[in-house]
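Enquirer: This is structure_34.pdb (PDB, C-alpha atoms).
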```
MODEL        1
ATOM      1  CA  MET A1136     144.271 186.226  86.388
ATOM      2  CA  SER A1137     147.209 183.951  87.049
ATOM      3  CA  SER A1138     146.943 180.209  87.337
ATOM      4  CA  VAL A1139     147.029 178.623  90.812
ATOM      5  CA  SER A1140     148.699 175.488  89.449
ATOM      6  CA  GLY A1141     151.999 177.332  89.226
ATOM      7  CA  ILE A1142     152.013 178.018  92.979
ATOM      8  CA  TYR A1143     150.894 174.697  94.416
ATOM      9  CA  ARG A1144     152.731 171.478  93.815
ATOM     10  CA  GLN A1145     150.744 168.969  91.837
ATOM     11  CA  LYS A1146     150.416 165.250  92.487
ATOM     12  CA  LYS A1147     152.118 162.851  90.161
ATOM     13  CA  ASN A1148     150.072 160.225  88.427
ATOM     14  CA  THR A1149     151.208 156.896  89.903
ATOM     15  CA  THR A1150     149.809 153.432  90.053
ATOM     16  CA  ALA A1151     148.808 152.065  93.433
ATOM     17  CA  LYS A1152     151.188 149.481  94.835
ATOM     18  CA  SER A1153     149.929 146.556  96.849
ATOM     19  CA  SER A1154     150.247 147.189 100.561
ATOM     20  CA  LYS A1155     152.719 145.082 102.478
ATOM     21  CA  SER A1156     151.731 143.055 105.488
ATOM     22  CA  SER A1157     151.926 145.039 108.718
ATOM     23  CA  THR A1158     153.003 141.944 110.675
ATOM     24  CA  LYS A1159     156.553 142.195 109.377
ATOM     25  CA  GLN A1160     159.194 142.033 112.137
ATOM     26  CA  PRO A1161     161.276 145.181 112.663
ATOM     27  CA  ASN A1162     164.670 145.240 111.008
ATOM     28  CA  HIS A1163     167.468 145.712 113.532
ATOM     29  CA  GLY A1164     170.248 145.805 110.968
ATOM     30  CA  GLY A1165     171.799 142.537 112.053
ATOM     31  CA  SER A1166     172.400 143.700 115.609
ATOM     32  CA  VAL A1167     171.731 141.431 118.519
ATOM     33  CA  VAL A1168     168.766 142.830 120.392
ATOM     34  CA  SER A1169     168.926 142.120 124.090
ATOM     35  CA  GLN A1170     167.489 143.609 127.224
ATOM     36  CA  PRO A1171     169.600 145.940 129.332
ATOM     37  CA  PRO A1172     171.382 144.298 132.282
ATOM     38  CA  SER A1173     168.843 145.710 134.718
ATOM     39  CA  LEU A1174     166.005 143.825 133.053
ATOM     40  CA  SER A1175     167.701 140.492 132.544
ATOM     41  CA  SER A1176     166.732 137.477 134.585
ATOM     42  CA  HIS A1177     167.987 136.906 138.108
ATOM     43  CA  SER A1178     169.896 133.797 137.024
ATOM     44  CA  ASP A1179     172.936 135.900 136.109
ATOM     45  CA  GLY A1180     174.922 134.627 139.084
ATOM     46  CA  TYR A1181     174.146 137.496 141.458
ATOM     47  CA  SER A1182     173.600 136.811 145.131
ATOM     48  CA  GLU A1183     170.217 137.422 146.700
ATOM     49  CA  SER A1184     171.603 140.543 148.391
ATOM     50  CA  GLU A1185     172.935 141.968 145.132
ATOM     51  CA  THR A1186     169.591 141.255 143.458
ATOM     52  CA  LYS A1187     167.776 143.217 146.183
ATOM     53  CA  LEU A1188     170.252 146.082 145.854
ATOM     54  CA  ARG A1189     169.716 146.133 142.088
ATOM     55  CA  GLN A1190     165.967 146.336 142.648
ATOM     56  CA  PHE A1191     166.611 149.242 145.035
ATOM     57  CA  ASP A1192     168.681 150.913 142.287
ATOM     58  CA  MET A1193     165.806 150.545 139.827
ATOM     59  CA  ASP A1194     163.165 151.932 142.205
ATOM     60  CA  MET A1195     162.840 155.660 141.500
ATOM     61  CA  THR A1196     160.688 156.098 144.610
ATOM     62  CA  TYR A1197     163.877 156.788 146.566
ATOM     63  CA  GLY A1198     165.263 159.423 144.224
ATOM     64  CA  PRO A1199     168.043 159.366 141.645
ATOM     65  CA  CYS A1200     170.892 156.886 142.054
ATOM     66  CA  ILE A1201     173.431 158.416 139.684
ATOM     67  CA  GLY A1202     176.366 160.211 141.256
ATOM     68  CA  MET A1203     176.072 158.750 144.760
ATOM     69  CA  THR A1204     176.734 155.487 146.513
ATOM     70  CA  ARG A1205     173.924 153.163 147.474
ATOM     71  CA  LYS A1206     174.421 153.967 151.146
ATOM     72  CA  LYS A1207     174.289 157.734 150.561
ATOM     73  CA  ARG A1208     171.148 157.273 148.470
ATOM     74  CA  TRP A1209     169.527 155.227 151.241
ATOM     75  CA  GLU A1210     170.474 157.884 153.832
ATOM     76  CA  ARG A1211     169.162 160.666 151.584
ATOM     77  CA  ALA A1212     165.857 158.843 151.123
ATOM     78  CA  GLN A1213     165.593 158.355 154.894
ATOM     79  CA  LYS A1214     166.367 162.041 155.500
ATOM     80  CA  PHE A1215     163.557 163.120 153.149
ATOM     81  CA  GLY A1216     161.024 160.714 154.691
ATOM     82  CA  MET A1217     160.812 158.321 151.739
ATOM     83  CA  ASN A1218     161.017 155.282 154.045
ATOM     84  CA  PRO A1219     163.602 153.165 152.218
ATOM     85  CA  PRO A1220     163.647 149.466 153.179
ATOM     86  CA  ILE A1221     165.567 148.746 156.395
ATOM     87  CA  GLU A1222     166.686 145.469 154.801
ATOM     88  CA  ILE A1223     168.722 147.442 152.239
ATOM     89  CA  LYS A1224     170.453 149.395 155.032
ATOM     90  CA  MET A1225     171.331 146.132 156.812
ATOM     91  CA  ILE A1226     172.760 144.649 153.605
ATOM     92  CA  LEU A1227     174.835 147.776 152.989
ATOM     93  CA  ASP A1228     176.162 147.831 156.575
ATOM     94  CA  LYS A1229     176.878 144.135 157.135
ATOM     95  CA  GLU A1230     177.803 142.602 153.787
ATOM     96  CA  LYS A1231     180.616 143.315 151.382
ATOM     97  CA  VAL A1232     178.720 144.567 148.327
ATOM     98  CA  GLN A1233     179.377 146.949 145.461
ATOM     99  CA  SER A1234     178.957 150.496 146.772
ATOM    100  CA  GLY A1235     178.062 152.015 143.399
ATOM    101  CA  SER A1236     174.619 151.704 141.882
ATOM    102  CA  LEU A1237     173.687 149.508 138.960
ATOM    103  CA  TRP A1238     173.999 152.506 136.620
ATOM    104  CA  ASP A1239     177.484 153.680 137.666
ATOM    105  CA  SER A1240     179.228 151.439 135.149
ATOM    106  CA  CYS A1241     176.826 152.406 132.347
ATOM    107  CA  ILE A1242     177.342 156.161 132.386
TER     108      ILE A1242
ENDMDL
END
```
Starting from the file, give its structure as C-alpha cells.
Expert:
Amino acid sequence: MSSVSGIYRQKKNTTAKSSKSSTKQPNHGGSVVSQPPSLSSHSDGYSESETKLRQFDMDMTYGPCIGMTRKKRWERAQKFGMNPPIEIKMILDKEKVQSGSLWDSCI
C-alpha cells in the first residue's frame, strides 16, 4: 500500500507566537479618514433649505435619486403614491436651489 503522507500536505513544526492585542487601531495607510459629505455635520455652511433637500436625497423611501433632478424625483414619488414631503416641493418651486441631487457630483 502507498503512504497517505505523500498526498496530503503536512504541517510544519513551528513555535507558537504570542498573540497580539486585538484592540489595535486599523491601519489606513496614512490616508485621512473622513465621513462622506452626506454624513458630515450640518455646520458646513448650507442653508436650512439645502439641508432638507440633502436629507430628501438620502431618503431611499422615495426611490433612486441618480440620473434625475430633485423635482423630477419628487414628482415621480408623488406619481407612485410614496407621499413625498410637500415642504420639499415648495422649496423646489419657490427657492433658487441646486436642481441636481447630492450624488450628482459624486458619480
Enquirer: Interatomic distance between atom CA of Lys1206 of chain A and atom CA of Met1193 of chain A?
Expert: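 Between these atoms lies a distance of 14.6 Å.
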Enquirer: Between atom CA of Lys1214 of chain A and atom CA of Lys1231 of chain A, what is the distance, to one decimal in Å?
Expert: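 One can read the atom CA of Lys1214 of chain A to atom CA of Lys1231 of chain A distance as 23.9 Å.
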Enquirer: When you draw a straight line from atom CA of Phe1191 of chain A to atom CA of Pro1219 of chain A, how long is it in Å?
Expert: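 For atom CA of Phe1191 of chain A relative to atom CA of Pro1219 of chain A, the distance reads 8.7 Å.
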Enquirer: Out of A:Leu1188, A:Ile1142, A:Cys1200, A:Ala1212, which residue has the shortest atom-to-atom distance to Met1225 of chain A when counting only C-alpha atoms?
Expert: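 Closest to Met1225 of chain A, using only C-alpha atoms: A:Leu1188.
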Enquirer: Env of Ile1226 of chain A: 10 Å cut, atoms = all atoms listed in the file, seq-sep filter 3 positions within chain, self excluded. Answer as a tab-separated table (two decimals) with C-alpha atoms, keeping the file's coordinate frame.
Expert:
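What landed in selection-v3.tsv:
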```tsv
chain	number	residue	atom	x	y	z
A	1184	SER	CA	171.60	140.54	148.39
A	1185	GLU	CA	172.94	141.97	145.13
A	1187	LYS	CA	167.78	143.22	146.18
A	1188	LEU	CA	170.25	146.08	145.85
A	1206	LYS	CA	174.42	153.97	151.15
A	1221	ILE	CA	165.57	148.75	156.40
A	1222	GLU	CA	166.69	145.47	154.80
A	1223	ILE	CA	168.72	147.44	152.24
A	1229	LYS	CA	176.88	144.14	157.14
A	1230	GLU	CA	177.80	142.60	153.79
A	1231	LYS	CA	180.62	143.32	151.38
A	1232	VAL	CA	178.72	144.57	148.33
```
Enquirer: Between A:Arg1211, A:Asn1148, A:Pro1220, A:Glu1183, single out the one closest to Gly1198 of chain A, counting all atoms listed in the file.
Expert: A:Arg1211
Enquirer: Around all the atoms of segment 1195-1212 of chain A listed in the file, draw an axis-aligned box and extend it by 6 Å on each of the six sides; I want its centre and edge lengths in Å to one decimal, as lines of an AutoDock Vina configuration file.
Expert:
```
center_x = 168.7
center_y = 156.9
center_z = 146.8
size_x = 28.0
size_y = 19.5
size_z = 26.1
```
Enquirer: Pick from A:Tyr1143, A:Thr1196, A:Leu1227, A:Ile1201: nearest to Phe1215 of chain A, with only C-alpha atoms counted?
Expert: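 Using only C-alpha atoms, Phe1215 of chain A sits closest to A:Thr1196.
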